[in-house]
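A short worksheet on the structure shown next.
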Amino acid sequence: MSAQEWESLCDGCGKCCLSKLIDEDTDELYFTNIACVLLNSKSCQCSDYQHRFAKVPDCVKITLDDIEVFHWLPPSCAYKRLIEGKSLPAWHPLLHAGKHSEMHKRSASVRGKVVCETQLNGPSQNYIVRWPIDECE
């Protein structure tokens, strides 16, 4: 698979740009609605994708070489679904001529659901959400 084909699998939902918390006792993963400072909350795209690693040192590049990091991706993620042998969600842009409108219409993106990491009011535990897990299809 070429780099361009791999990149096209990304649906642009923005869920991978959310902060995650891991319970140190149980290793349970929790998603929050805390968005990376570079995430454009309307388009659900990185505002500086080309330079994201320089600006956000803990940003993770998702490649087939790093399958072990896929556990923290949401169940709707095409990269994770590919590894699990599952099909793309019905709203995936590749199934709609590359358009993201179906994904946004089905509320499968982070649009309108997030707060920027620079705007927090209280501990990150207050921002735990279930919707990245619950909205796969």
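If you're wondering about the labels, chains in the structure tokens are A, B, ... by order shown, residues count from 1 in each chain, ligands from 1 in order shown.
By only C-alpha atoms, and with residues fewer than 5 positions from stretch 50-55 of chain A along its chain excluded, the set lying at most 9 Å from it is A:Leu38, A:Val60, A:Lys61.
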#### Entry: Spatial neighbours of A:Ser101, max dist 12 Å, only C-alpha atoms, sep filter under 2 positions, as a PyMOL selection string
chain A and resi 11-13+42-44+91-99+103-109+111
### Task
Excluding stretch 86-89 of chain A and residues on its chain fewer than 4 positions from it, collect all residues at most 9 Å away from it, counting only C-alpha atoms, and give them as an MDAnalysis selection string.
chainID A and resid 9 76:78 80:82 94:95 136:137
### Query
Any idea what the distance is between atom CA of A:Gln119 and atom CA of A:Ile22?
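Distance reported for this atom pair: 21.4 Å.
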### Query
What gap, in Å, lies between atom CA of A:Lys113 and atom CA of A:Tyr127?
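A separation of 10.8 Å between them.
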### Query
What is the atom CA of A:Glu24-atom CA of A:Ser124 distance in Å, reported with one decimal?
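So the answer is 14.8 Å.
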### Message
Run DSSP on the backbone and tell me which residues of chain A come out as alpha helix (DSSP H); list them as a PyMOL selection string.
### Response
chain A and resi 3-8+52-55+78-83+101-105+131-134
Output the selection as a tab-separated table (two decimals), in the first residue's frame - C-alpha atoms for each residue.
```tsv
chain	number	residue	atom	x	y	z
A	3	ALA	CA	1.69	6.25	1.54
A	4	GLN	CA	-1.12	8.06	-0.30
A	5	GLU	CA	-3.39	5.00	-0.14
A	6	TRP	CA	-2.62	4.58	3.57
A	7	GLU	CA	-3.41	8.24	4.26
A	8	SER	CA	-6.69	7.93	2.33
A	52	ARG	CA	2.51	18.47	13.68
A	53	PHE	CA	5.38	16.44	15.12
A	54	ALA	CA	7.51	19.56	15.65
A	55	LYS	CA	4.62	21.43	17.28
A	78	ALA	CA	-10.30	2.52	9.49
A	79	TYR	CA	-6.71	1.68	10.44
A	80	LYS	CA	-7.85	-0.32	13.45
A	81	ARG	CA	-10.75	-1.90	11.54
A	82	LEU	CA	-8.39	-2.97	8.73
A	83	ILE	CA	-6.14	-4.78	11.19
A	101	SER	CA	-20.46	15.24	4.89
A	102	GLU	CA	-21.98	11.82	5.67
A	103	MET	CA	-19.58	11.35	8.57
A	104	HIS	CA	-20.47	14.75	10.02
A	105	LYS	CA	-24.18	14.22	9.35
A	131	TRP	CA	-19.04	8.67	22.32
A	132	PRO	CA	-15.78	7.73	20.59
A	133	ILE	CA	-16.46	4.14	21.66
A	134	ASP	CA	-20.23	4.04	21.11
```
### Task
Could you give me the residues within chain A that DSSP places in strand (DSSP E or B), as a PyMOL selection string?
chain A and resi 18-22+29-35+39-40+45-46+115-116+128-129
### Task
Name the residues in contact with A:Cys17 at a cut-off of 8 Å, using only C-alpha atoms, excluding same-chain residues fewer than 3 positions from it; report them as a PyMOL selection string.
chain A and resi 14+35-36+39
#### Entry: Nearest to A:Val114, chosen from A:Leu21, A:Leu73, A:Met1, A:Val129, with only C-alpha atoms counted in the distances
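That would be A:Val129, the residue with the smallest distance to A:Val114.
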